[in-house]
$ cat my_file_25.pdb   # PDB, C-alpha atoms
MODEL        1
ATOM      1  CA  MET A   1     -48.435 -31.579 -60.574
ATOM      2  CA  ILE A   2     -45.346 -29.373 -60.521
ATOM      3  CA  GLU A   3     -42.710 -29.870 -57.825
ATOM      4  CA  LYS A   4     -41.458 -26.534 -56.517
ATOM      5  CA  ILE A   5     -38.094 -26.753 -54.837
ATOM      6  CA  CYS A   6     -37.480 -24.858 -51.601
ATOM      7  CA  GLU A   7     -33.842 -24.187 -50.833
ATOM      8  CA  ILE A   8     -31.734 -21.851 -48.731
ATOM      9  CA  ILE A   9     -29.955 -19.121 -50.714
ATOM     10  CA  ASN A  10     -28.136 -16.268 -48.953
ATOM     11  CA  ASP A  11     -29.721 -17.196 -45.618
ATOM     12  CA  GLU A  12     -33.277 -17.084 -46.991
ATOM     13  CA  TYR A  13     -35.734 -19.803 -47.798
ATOM     14  CA  ARG A  14     -36.393 -19.494 -51.538
ATOM     15  CA  CYS A  15     -39.243 -21.007 -53.486
ATOM     16  CA  ASP A  16     -41.384 -19.662 -56.311
ATOM     17  CA  ILE A  17     -44.797 -19.622 -54.657
ATOM     18  CA  ASP A  18     -47.029 -18.084 -57.303
ATOM     19  CA  ILE A  19     -50.353 -17.919 -55.471
ATOM     20  CA  THR A  20     -52.123 -14.713 -56.499
ATOM     21  CA  ILE A  21     -54.056 -12.337 -54.267
ATOM     22  CA  GLU A  22     -57.297 -13.514 -55.886
ATOM     23  CA  GLU A  23     -56.413 -17.149 -55.236
ATOM     24  CA  TRP A  24     -55.607 -16.347 -51.603
ATOM     25  CA  LYS A  25     -58.974 -14.619 -51.243
ATOM     26  CA  GLN A  26     -60.682 -17.791 -52.427
ATOM     27  CA  LEU A  27     -58.567 -19.979 -50.151
ATOM     28  CA  LEU A  28     -59.174 -17.761 -47.113
ATOM     29  CA  THR A  29     -62.934 -17.927 -47.562
ATOM     30  CA  ASN A  30     -62.916 -21.712 -47.821
ATOM     31  CA  PRO A  31     -63.375 -23.146 -44.296
ATOM     32  CA  LYS A  32     -62.020 -26.515 -45.452
ATOM     33  CA  VAL A  33     -58.701 -24.772 -46.221
ATOM     34  CA  PHE A  34     -58.579 -21.896 -43.727
ATOM     35  CA  ASP A  35     -60.059 -23.303 -40.533
ATOM     36  CA  ASP A  36     -60.315 -21.673 -37.110
ATOM     37  CA  LYS A  37     -56.949 -23.041 -35.931
ATOM     38  CA  SER A  38     -55.300 -21.610 -39.056
ATOM     39  CA  LYS A  39     -56.905 -18.215 -38.458
ATOM     40  CA  GLU A  40     -55.656 -18.198 -34.870
ATOM     41  CA  ALA A  41     -52.108 -19.109 -35.910
ATOM     42  CA  ILE A  42     -51.891 -16.579 -38.770
ATOM     43  CA  LYS A  43     -53.257 -13.784 -36.558
ATOM     44  CA  LYS A  44     -50.279 -14.257 -34.235
ATOM     45  CA  TRP A  45     -47.960 -13.153 -37.051
ATOM     46  CA  TYR A  46     -50.404 -10.675 -38.565
ATOM     47  CA  ILE A  47     -50.385  -8.442 -35.470
ATOM     48  CA  GLU A  48     -46.581  -8.355 -35.285
ATOM     49  CA  PRO A  49     -44.548  -5.499 -36.811
ATOM     50  CA  LYS A  50     -43.983  -6.177 -40.513
ATOM     51  CA  TYR A  51     -46.011  -9.404 -40.044
ATOM     52  CA  SER A  52     -42.766 -11.052 -38.905
ATOM     53  CA  ALA A  53     -41.657 -13.093 -35.924
ATOM     54  CA  THR A  54     -39.667 -16.145 -34.986
ATOM     55  CA  CYS A  55     -41.447 -19.272 -33.819
ATOM     56  CA  SER A  56     -39.620 -18.921 -30.493
ATOM     57  CA  TYR A  57     -40.959 -15.402 -30.021
ATOM     58  CA  ILE A  58     -44.521 -16.480 -30.830
ATOM     59  CA  GLY A  59     -44.214 -19.407 -28.453
ATOM     60  CA  GLU A  60     -42.949 -17.228 -25.613
ATOM     61  CA  LYS A  61     -45.540 -14.527 -26.224
ATOM     62  CA  TYR A  62     -48.442 -16.980 -26.073
ATOM     63  CA  ASN A  63     -46.895 -19.271 -23.449
ATOM     64  CA  LYS A  64     -46.748 -22.177 -25.905
ATOM     65  CA  HIS A  65     -44.011 -24.392 -27.276
ATOM     66  CA  SER A  66     -41.979 -22.664 -30.006
ATOM     67  CA  MET A  67     -43.221 -25.233 -32.522
ATOM     68  CA  SER A  68     -46.888 -24.950 -31.495
ATOM     69  CA  ALA A  69     -47.962 -23.046 -34.617
ATOM     70  CA  ASN A  70     -45.826 -25.019 -37.076
ATOM     71  CA  GLY A  71     -48.181 -27.951 -37.493
ATOM     72  CA  VAL A  72     -51.191 -25.681 -37.901
ATOM     73  CA  ILE A  73     -49.520 -23.475 -40.506
ATOM     74  CA  ASN A  74     -48.069 -26.461 -42.338
ATOM     75  CA  GLY A  75     -51.548 -28.004 -42.379
ATOM     76  CA  PHE A  76     -53.056 -24.805 -43.764
ATOM     77  CA  ALA A  77     -50.339 -24.593 -46.415
ATOM     78  CA  GLY A  78     -50.840 -28.227 -47.365
ATOM     79  CA  ARG A  79     -54.589 -27.735 -47.759
ATOM     80  CA  ALA A  80     -53.950 -24.632 -49.888
ATOM     81  CA  GLN A  81     -51.625 -26.618 -52.162
ATOM     82  CA  LYS A  82     -54.156 -29.433 -52.430
ATOM     83  CA  GLU A  83     -57.044 -27.068 -53.196
ATOM     84  CA  LEU A  84     -55.063 -25.318 -55.933
ATOM     85  CA  GLY A  85     -53.899 -28.680 -57.256
ATOM     86  CA  ARG A  86     -51.051 -27.342 -59.334
ATOM     87  CA  PHE A  87     -47.884 -27.658 -57.232
ATOM     88  CA  VAL A  88     -46.282 -29.334 -54.268
ATOM     89  CA  VAL A  89     -43.272 -27.945 -52.387
ATOM     90  CA  LYS A  90     -40.215 -30.119 -51.810
ATOM     91  CA  GLY A  91     -37.328 -29.099 -49.584
ATOM     92  CA  ILE A  92     -33.681 -29.782 -50.340
ATOM     93  CA  GLY A  93     -30.512 -29.544 -48.285
ATOM     94  CA  ASP A  94     -31.219 -28.624 -44.658
ATOM     95  CA  ILE A  95     -34.925 -28.067 -45.346
ATOM     96  CA  ALA A  96     -37.434 -30.772 -44.491
ATOM     97  CA  LYS A  97     -38.421 -32.725 -47.597
ATOM     98  CA  GLY A  98     -42.153 -32.098 -47.075
ATOM     99  CA  THR A  99     -41.898 -28.459 -46.064
ATOM    100  CA  ARG A 100     -45.031 -26.378 -46.547
ATOM    101  CA  PHE A 101     -44.498 -23.363 -44.269
ATOM    102  CA  ILE A 102     -42.950 -21.532 -47.236
ATOM    103  CA  VAL A 103     -46.327 -21.501 -49.009
ATOM    104  CA  VAL A 104     -47.670 -19.120 -46.361
ATOM    105  CA  MET A 105     -44.548 -17.318 -45.161
ATOM    106  CA  LYS A 106     -41.129 -16.216 -46.314
ATOM    107  CA  SER A 107     -38.161 -16.811 -44.053
ATOM    108  CA  LYS A 108     -34.697 -15.477 -43.425
ATOM    109  CA  LEU A 109     -31.959 -16.255 -40.969
ATOM    110  CA  ILE A 110     -31.526 -13.479 -38.429
ATOM    111  CA  ASN A 111     -28.487 -12.623 -36.363
ATOM    112  CA  ALA A 112     -29.417 -14.217 -33.100
ATOM    113  CA  LYS A 113     -27.782 -16.817 -30.941
ATOM    114  CA  PRO A 114     -28.625 -19.537 -31.523
ATOM    115  CA  LYS A 115     -29.278 -18.969 -35.214
ATOM    116  CA  THR A 116     -32.954 -18.311 -35.704
ATOM    117  CA  TRP A 117     -35.343 -18.083 -38.636
ATOM    118  CA  GLU A 118     -37.732 -15.148 -38.833
ATOM    119  CA  TRP A 119     -40.977 -15.878 -40.662
ATOM    120  CA  THR A 120     -42.985 -13.202 -42.495
ATOM    121  CA  ILE A 121     -46.470 -13.553 -43.928
ATOM    122  CA  ARG A 122     -46.342 -13.327 -47.724
ATOM    123  CA  GLU A 123     -47.378  -9.935 -49.108
ATOM    124  CA  GLU A 124     -49.963 -11.453 -51.424
ATOM    125  CA  LEU A 125     -51.578 -13.252 -48.475
TER     126      LEU A 125
ENDMDL
END
$ encode --input "my_file_25.pdb" --output "structure tokens"
Amino acid sequence: MIEKICEIINDEYRCDIDITIEEWKQLLTNPKVFDDKSKEAIKKWYIEPKYSATCSYIGEKYNKHSMSANGVINGFAGRAQKELGRFVVKGIGDIAKGTRFIVVMKSKLINAKPKTWEWTIREEL
């Protein structure tokens, strides 16, 4: 299995996630990968302009903790990696070693105080 390295470059999370549209279609129709909790979490970003939001914004909007969707999306991303069986994402530097969020979403640092990461659903997803 290939290790894909996720790192921060120019205030963006960077990782070569090469899941195709066709592969995503298969993953999204597999209830063992894309369960009801995953659907609910992804929809929260899907209805936002440009499919982008911060975790804090999503938490406030739905009256939940800012990290409430993280575990669900990380779980979904982990199941997608496992189902594909060809790569695993590893974080370096300030990124958690077992990061998986990047499989589903891209991220960039936005000019907010405190510094905040905005997450955007991948175009191919």
$ residues_around --input "my_file_25.pdb" --residues "Lys82 (chain A)" --least-positions-apart "4" --cutoff "12 Å" --atoms "all atoms listed in the file" --output "PyMOL selection string"
chain A and resi 1-2+27+32-33+75-78+86-89+100+103
$ closest_residue --input "my_file_25.pdb" --among "A:Lys44, A:Lys64, A:Arg79, A:Lys50" --to "Pro31 (chain A)" --atoms "only C-alpha atoms"
A:Arg79
$ resolve_selection --input "my_file_25.pdb" --expression "the PyMOL selection byres ((chain A and resi 43) around 12)" --output "mmCIF file with C-alpha atoms, in the coordinates of the input"
data_model
loop_
_atom_site.group_PDB
_atom_site.id
_atom_site.type_symbol
_atom_site.label_atom_id
_atom_site.label_comp_id
_atom_site.auth_asym_id
_atom_site.auth_seq_id
_atom_site.Cartn_x
_atom_site.Cartn_y
_atom_site.Cartn_z
ATOM 1 C CA ASP A 36 -60.315 -21.673 -37.110
ATOM 2 C CA LYS A 37 -56.949 -23.041 -35.931
ATOM 3 C CA SER A 38 -55.300 -21.610 -39.056
ATOM 4 C CA LYS A 39 -56.905 -18.215 -38.458
ATOM 5 C CA GLU A 40 -55.656 -18.198 -34.870
ATOM 6 C CA ALA A 41 -52.108 -19.109 -35.910
ATOM 7 C CA ILE A 42 -51.891 -16.579 -38.770
ATOM 8 C CA LYS A 44 -50.279 -14.257 -34.235
ATOM 9 C CA TRP A 45 -47.960 -13.153 -37.051
ATOM 10 C CA TYR A 46 -50.404 -10.675 -38.565
ATOM 11 C CA ILE A 47 -50.385 -8.442 -35.470
ATOM 12 C CA GLU A 48 -46.581 -8.355 -35.285
ATOM 13 C CA TYR A 51 -46.011 -9.404 -40.044
ATOM 14 C CA SER A 52 -42.766 -11.052 -38.905
ATOM 15 C CA ALA A 53 -41.657 -13.093 -35.924
ATOM 16 C CA ILE A 58 -44.521 -16.480 -30.830
ATOM 17 C CA TYR A 62 -48.442 -16.980 -26.073
ATOM 18 C CA ALA A 69 -47.962 -23.046 -34.617
ATOM 19 C CA ILE A 73 -49.520 -23.475 -40.506
ATOM 20 C CA THR A 120 -42.985 -13.202 -42.495
ATOM 21 C CA ILE A 121 -46.470 -13.553 -43.928
#
$ residues_around --input "my_file_25.pdb" --residues "region 108-117 of chain A" --least-positions-apart "6" --cutoff "8 Å" --atoms "all atoms listed in the file" --output "PyMOL selection string"
chain A and resi 11-13+54-55
$ atom_distance --input "my_file_25.pdb" --atom1 "CA of Lys4 (chain A)" --atom2 "CA of Met67 (chain A)"
24.1 Å
$ decode --input "my_file_25.pdb" --residues "region 66-90 of chain A" --atoms "N, CA, C and O atoms" --output "mmCIF file, in the first residue's frame"
data_model
loop_
_atom_site.group_PDB
_atom_site.id
_atom_site.type_symbol
_atom_site.label_atom_id
_atom_site.label_comp_id
_atom_site.auth_asym_id
_atom_site.auth_seq_id
_atom_site.Cartn_x
_atom_site.Cartn_y
_atom_site.Cartn_z
ATOM 1 N N SER A 66 -17.735 22.348 17.232
ATOM 2 C CA SER A 66 -17.038 22.594 15.962
ATOM 3 C C SER A 66 -16.389 21.331 15.398
ATOM 4 O O SER A 66 -16.197 21.214 14.194
ATOM 5 N N MET A 67 -16.076 20.383 16.255
ATOM 6 C CA MET A 67 -15.429 19.150 15.798
ATOM 7 C C MET A 67 -16.434 18.016 15.586
ATOM 8 O O MET A 67 -16.040 16.882 15.349
ATOM 9 N N SER A 68 -17.725 18.311 15.640
ATOM 10 C CA SER A 68 -18.737 17.253 15.594
ATOM 11 C C SER A 68 -18.722 16.448 14.293
ATOM 12 O O SER A 68 -19.012 15.258 14.302
ATOM 13 N N ALA A 69 -18.380 17.067 13.189
ATOM 14 C CA ALA A 69 -18.376 16.350 11.909
ATOM 15 C C ALA A 69 -17.033 15.687 11.613
ATOM 16 O O ALA A 69 -16.959 14.805 10.759
ATOM 17 N N ASN A 70 -15.989 16.088 12.317
ATOM 18 C CA ASN A 70 -14.646 15.589 12.020
ATOM 19 C C ASN A 70 -14.541 14.074 12.085
ATOM 20 O O ASN A 70 -14.001 13.437 11.183
ATOM 21 N N GLY A 71 -15.026 13.497 13.177
ATOM 22 C CA GLY A 71 -14.929 12.052 13.335
ATOM 23 C C GLY A 71 -15.690 11.308 12.261
ATOM 24 O O GLY A 71 -15.222 10.293 11.737
ATOM 25 N N VAL A 72 -16.859 11.834 11.900
ATOM 26 C CA VAL A 72 -17.688 11.190 10.881
ATOM 27 C C VAL A 72 -16.991 11.251 9.518
ATOM 28 O O VAL A 72 -16.907 10.241 8.808
ATOM 29 N N ILE A 73 -16.471 12.413 9.167
ATOM 30 C CA ILE A 73 -15.812 12.555 7.869
ATOM 31 C C ILE A 73 -14.501 11.773 7.838
ATOM 32 O O ILE A 73 -14.182 11.126 6.834
ATOM 33 N N ASN A 74 -13.759 11.794 8.928
ATOM 34 C CA ASN A 74 -12.547 10.984 8.989
ATOM 35 C C ASN A 74 -12.874 9.499 8.867
ATOM 36 O O ASN A 74 -12.151 8.749 8.216
ATOM 37 N N GLY A 75 -13.965 9.070 9.484
ATOM 38 C CA GLY A 75 -14.383 7.672 9.369
ATOM 39 C C GLY A 75 -14.732 7.313 7.937
ATOM 40 O O GLY A 75 -14.327 6.260 7.419
ATOM 41 N N PHE A 76 -15.489 8.176 7.285
ATOM 42 C CA PHE A 76 -15.860 7.978 5.883
ATOM 43 C C PHE A 76 -14.607 7.895 5.011
ATOM 44 O O PHE A 76 -14.445 6.991 4.190
ATOM 45 N N ALA A 77 -13.687 8.818 5.226
ATOM 46 C CA ALA A 77 -12.449 8.842 4.442
ATOM 47 C C ALA A 77 -11.617 7.584 4.682
ATOM 48 O O ALA A 77 -11.032 7.025 3.750
ATOM 49 N N GLY A 78 -11.574 7.144 5.924
ATOM 50 C CA GLY A 78 -10.836 5.924 6.243
ATOM 51 C C GLY A 78 -11.445 4.706 5.570
ATOM 52 O O GLY A 78 -10.724 3.844 5.050
ATOM 53 N N ARG A 79 -12.770 4.625 5.569
ATOM 54 C CA ARG A 79 -13.439 3.499 4.902
ATOM 55 C C ARG A 79 -13.217 3.545 3.396
ATOM 56 O O ARG A 79 -13.039 2.509 2.743
ATOM 57 N N ALA A 80 -13.190 4.759 2.827
ATOM 58 C CA ALA A 80 -12.921 4.897 1.389
ATOM 59 C C ALA A 80 -11.514 4.402 1.066
ATOM 60 O O ALA A 80 -11.310 3.651 0.103
ATOM 61 N N GLN A 81 -10.532 4.805 1.875
ATOM 62 C CA GLN A 81 -9.162 4.336 1.672
ATOM 63 C C GLN A 81 -9.089 2.814 1.764
ATOM 64 O O GLN A 81 -8.449 2.165 0.929
ATOM 65 N N LYS A 82 -9.735 2.260 2.765
ATOM 66 C CA LYS A 82 -9.703 0.813 2.973
ATOM 67 C C LYS A 82 -10.360 0.078 1.801
ATOM 68 O O LYS A 82 -9.834 -0.928 1.317
ATOM 69 N N GLU A 83 -11.489 0.577 1.344
ATOM 70 C CA GLU A 83 -12.200 -0.061 0.230
ATOM 71 C C GLU A 83 -11.356 -0.030 -1.040
ATOM 72 O O GLU A 83 -11.308 -1.018 -1.783
ATOM 73 N N LEU A 84 -10.707 1.089 -1.303
ATOM 74 C CA LEU A 84 -9.852 1.187 -2.492
ATOM 75 C C LEU A 84 -8.603 0.324 -2.335
ATOM 76 O O LEU A 84 -8.108 -0.247 -3.308
ATOM 77 N N GLY A 85 -8.074 0.266 -1.128
ATOM 78 C CA GLY A 85 -6.947 -0.591 -0.815
ATOM 79 C C GLY A 85 -5.643 -0.280 -1.534
ATOM 80 O O GLY A 85 -4.819 -1.168 -1.725
ATOM 81 N N ARG A 86 -5.455 0.971 -1.914
ATOM 82 C CA ARG A 86 -4.218 1.278 -2.629
ATOM 83 C C ARG A 86 -3.362 2.354 -1.980
ATOM 84 O O ARG A 86 -2.216 2.527 -2.340
ATOM 85 N N PHE A 87 -3.921 3.122 -1.016
ATOM 86 C CA PHE A 87 -3.109 4.129 -0.352
ATOM 87 C C PHE A 87 -3.633 4.395 1.048
ATOM 88 O O PHE A 87 -4.772 4.093 1.374
ATOM 89 N N VAL A 88 -2.752 4.979 1.845
ATOM 90 C CA VAL A 88 -3.092 5.464 3.167
ATOM 91 C C VAL A 88 -2.429 6.834 3.312
ATOM 92 O O VAL A 88 -1.311 7.032 2.849
ATOM 93 N N VAL A 89 -3.142 7.782 3.911
ATOM 94 C CA VAL A 89 -2.620 9.138 4.064
ATOM 95 C C VAL A 89 -1.910 9.262 5.408
ATOM 96 O O VAL A 89 -2.425 8.823 6.436
ATOM 97 N N LYS A 90 -0.742 9.873 5.377
ATOM 98 C CA LYS A 90 0.034 10.162 6.577
ATOM 99 C C LYS A 90 0.290 11.658 6.625
ATOM 100 O O LYS A 90 0.680 12.252 5.620
#
